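Enquirer: Have a look at this one.
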Amino acid sequence: MSVSSNLVTNSKNILPHDDPSCEKLFKPNFSFNYGVNTLHTSSSVVEQSEKDLVEDFVWLKMQEEAKIDVTVEPILSSYYHVSILSQKSLETALANHLSVKLSSVSLPSTTLSDLFVGVFESDKDIMDAMKNDLIAVKERDPACISHVHCFLNFKGFLACQAHRVAHNLWSNGRKVLAVMIQNRVSEVFGVDIHPGAKIGSGILFDHATGIVVGETAVIGNDVSILHGVTLGGTGKAHGDRHPKIGDGVLIGAGTCILGNIKIGDGAKIGAGSVVIKDVPPRTTVVGNPAKLVGGKNNPIKLDKIPSHTMDHIAHISEFYDYVI
């Protein structure tokens, strides 16, 4: 079985509109039980043994990569020992690393570490989602050297995992603590995600600086988001006021998506766009205000999953009639 089969079963990134056997591939899934219902699987087909295999692979692979890194750079031996090699599990390693990153003089890392471990042990779906995130980053980001490189150094990945903790606390009524973690994540990583926001599995926050996600926003599974993206409201309205991002969506750098609108499954948002209306599935929009590539009456339909291909200019470059 492929190591990433829990995340990517469609190796050519082909959208399922011509394949009846894959009709559920882009069915909206906003229940967000993290790793249980991913883009390509459901709880009925994901066997526990398969989850365990992915977990074992990720942790063993990270330890192997850490040993190689220490051989290449002995100066990092203590850092790798504390962060990876001395840890008994992926849960304790993540809890320790996040606590060190987010601690302050008045909020010691030991306190945070105990909190994080407790959340991870009580909500296994968070760890399932984290592993899918880790695999997603390694597969989609050419700048990612290894799994352990992502785990230790990629602030988008770390901000996402810290948000999963904050969301768990928020959902369990511990809102003061959840907001505190949100604030520390914003200060340390430059990523501001309200703890009420719901985020799926297999997420890539690429570069991540300046990402802002509002309280009632929903991000589906297998989504890739670049730096400087805002999923915001349109004013002072209360209630459900933020965007809903479908599965397999790619959102380019500097994009603003505003209001309680839906970005359809498999859609692509070009860099620098301002989106204030629903975007149909498998289409591309770009510009300020955003317009459908191909036109409103006959938009070009994507035949590959944009969040996997990470192709930010396909169809967009042909859409414009000017040359720089």
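Quick note on naming: the chains in the structure tokens go A, B, ... in the order shown, residues restart at 1 in each chain, and ligands are numbered from 1 in order of appearance.
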Could you make a table, as a Markdown table, of the residues of stretch 163-215 of chain A that have an atom within 12 Å of an atom of stretch 248-271 of chain A, each with its nearest atom pair and distance in Å to one decimal, counting only C-alpha atoms, in chain and number order?

Expert:
| residue | atom | partner | partner_atom | distance |
| --- | --- | --- | --- | --- |
| A:Gly200 | CA | A:Gly248 | CA | 10.7 |
| A:Ser201 | CA | A:Gly248 | CA | 10.6 |
| A:Gly202 | CA | A:Gly248 | CA | 9.4 |
| A:Ile203 | CA | A:Gly248 | CA | 9.5 |
| A:Leu204 | CA | A:Leu250 | CA | 9.6 |
| A:Phe205 | CA | A:Ile251 | CA | 9.9 |
| A:Asp206 | CA | A:Ala253 | CA | 9.1 |
| A:His207 | CA | A:Ala253 | CA | 9.5 |
| A:Ala208 | CA | A:Ala253 | CA | 9.2 |
| A:Thr209 | CA | A:Ala253 | CA | 9.9 |
| A:Gly210 | CA | A:Gly254 | CA | 8.7 |
| A:Ile211 | CA | A:Gly254 | CA | 8.8 |
| A:Val212 | CA | A:Cys256 | CA | 9.4 |
| A:Val213 | CA | A:Ile257 | CA | 9.8 |
| A:Gly214 | CA | A:Leu258 | CA | 9.7 |
| A:Glu215 | CA | A:Asn260 | CA | 11.3 |

Enquirer: Where in stretch 106-322 of chain A does DSSP assign strand (DSSP E or B), given as a ChimeraX atom specification?

Expert: /A:107,192-193,198-199,204-206,212-213,218-219,224-226,230-232,244-245,250-251,256-258,262-263,268-269,274-275,279,284-286,291-292,304

Enquirer: Just checking: using only C-alpha atoms, which residue out of A:Asn132, A:Asn221, A:Ser104, A:Asn153 ends up closest to A:Tyr80?

Expert: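 Comparing A:Asn132, A:Asn221, A:Ser104, A:Asn153 against A:Tyr80, the winner is A:Asn153.
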
Enquirer: Env of A:Glu139: 10 Å cut, atoms = only C-alpha atoms, seq-sep filter 4 positions within chain, self excluded. Answer as a PyMOL selection string.

Expert: chain A and resi 4+8+133-135+144+146-147+204+308-309

Enquirer: A:Gly246, A:Leu158, A:Leu177, A:Gly272: which is nearest A:Gly228, counting only C-alpha atoms?

Expert: A:Gly272

Enquirer: Give me the residues near A:Pro108 as a list in words, where near means some atom within 9 Å (using only C-alpha atoms) and where sequence neighbours in that chain fewer than 6 positions away do not count.

Expert: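 Surrounding residues, per the criterion: Ser99, Val100 and Leu102 of chain A.
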
Enquirer: Can you tell me, as a list of chain:residue names, what residues are no more than 12 Å from A:Trp59 when counting only C-alpha atoms, ignoring any on the same chain fewer than 6 positions away?

Expert: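 Skipping anything fewer than 6 positions along the chain leaves A:Asp52, A:Leu53, A:Glu65, A:Ala66, A:Ile84, A:Leu85, A:Gln87, A:Lys88, A:Ser89, A:Leu90, A:Glu91, A:Thr92, A:Ala93, A:Leu94, A:Met127, A:Met130, A:Lys131, A:Leu134, A:Ile135, A:His147, A:Val148, A:Phe151.
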
Enquirer: Taking 5 positions as the minimum chain separation for residues in the same chain, which residues sit within 12 Å of A:His194 when counting only C-alpha atoms? Answer as number ranges by chain.

Expert: A: 159-160, 162-171, 175, 178-186, 199, 211-218, 230-232, 242

Enquirer: Keeping C-alpha atoms for every residue in the selection just given, could you write it to a file as an mmCIF file, in the first residue's frame?

Expert:
data_model
loop_
_atom_site.group_PDB
_atom_site.id
_atom_site.type_symbol
_atom_site.label_atom_id
_atom_site.label_comp_id
_atom_site.auth_asym_id
_atom_site.auth_seq_id
_atom_site.Cartn_x
_atom_site.Cartn_y
_atom_site.Cartn_z
ATOM 1 C CA ALA A 159 0.334 27.221 13.036
ATOM 2 C CA CYS A 160 -2.236 24.784 11.648
ATOM 3 C CA ALA A 162 -1.667 24.850 17.093
ATOM 4 C CA HIS A 163 -5.026 25.938 15.693
ATOM 5 C CA ARG A 164 -6.292 22.366 15.948
ATOM 6 C CA VAL A 165 -5.553 22.510 19.679
ATOM 7 C CA ALA A 166 -7.196 25.924 20.019
ATOM 8 C CA HIS A 167 -10.276 24.721 18.115
ATOM 9 C CA ASN A 168 -10.575 21.702 20.387
ATOM 10 C CA LEU A 169 -10.472 23.961 23.443
ATOM 11 C CA TRP A 170 -12.939 26.426 21.886
ATOM 12 C CA SER A 171 -15.360 23.620 21.049
ATOM 13 C CA LYS A 175 -12.619 29.886 25.019
ATOM 14 C CA ALA A 178 -8.257 29.016 23.040
ATOM 15 C CA VAL A 179 -8.010 32.737 22.292
ATOM 16 C CA MET A 180 -4.732 32.948 24.211
ATOM 17 C CA ILE A 181 -3.254 30.252 21.962
ATOM 18 C CA GLN A 182 -4.598 32.062 18.890
ATOM 19 C CA ASN A 183 -2.847 35.224 20.053
ATOM 20 C CA ARG A 184 0.481 33.449 20.623
ATOM 21 C CA VAL A 185 0.271 31.752 17.215
ATOM 22 C CA SER A 186 -0.357 35.131 15.612
ATOM 23 C CA ILE A 199 -10.231 23.241 9.164
ATOM 24 C CA ILE A 211 -2.963 34.306 6.618
ATOM 25 C CA VAL A 212 -6.138 35.457 8.396
ATOM 26 C CA VAL A 213 -9.138 33.163 8.932
ATOM 27 C CA GLY A 214 -12.345 34.350 10.572
ATOM 28 C CA GLU A 215 -14.435 32.698 13.261
ATOM 29 C CA THR A 216 -17.127 31.086 11.103
ATOM 30 C CA ALA A 217 -14.881 30.193 8.170
ATOM 31 C CA VAL A 218 -14.722 26.586 7.029
ATOM 32 C CA THR A 230 -7.750 36.541 4.123
ATOM 33 C CA LEU A 231 -10.940 34.587 4.711
ATOM 34 C CA GLY A 232 -12.874 37.438 6.250
ATOM 35 C CA HIS A 242 -17.114 33.999 6.700
#

Enquirer: One decimal, Å: what's the distance from atom CA of A:Ser106 over to atom CA of A:Ala197, could you say?

Expert: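 Atom CA of A:Ala197 lies at a distance of 26.8 Å from atom CA of A:Ser106.
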
Enquirer: What is the atom CA of A:Asp192 to atom CA of A:Val119 distance in Å?

Expert: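 Computing it gives 20.5 Å between the two atoms.
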
Enquirer: In Å, how far is it from atom CA of A:Lys291 to atom CA of A:Val223?

Expert: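 We find that atom CA of A:Lys291 and atom CA of A:Val223 lie 20.8 Å from each other.
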
Enquirer: From the DSSP assignment of the backbone, select every residue of stretch 122-305 of chain A that is helix (DSSP H, G or I), and format the answer as a PyMOL selection string.

Expert: chain A and resi 122+124-140+147-153+155-171+175-189
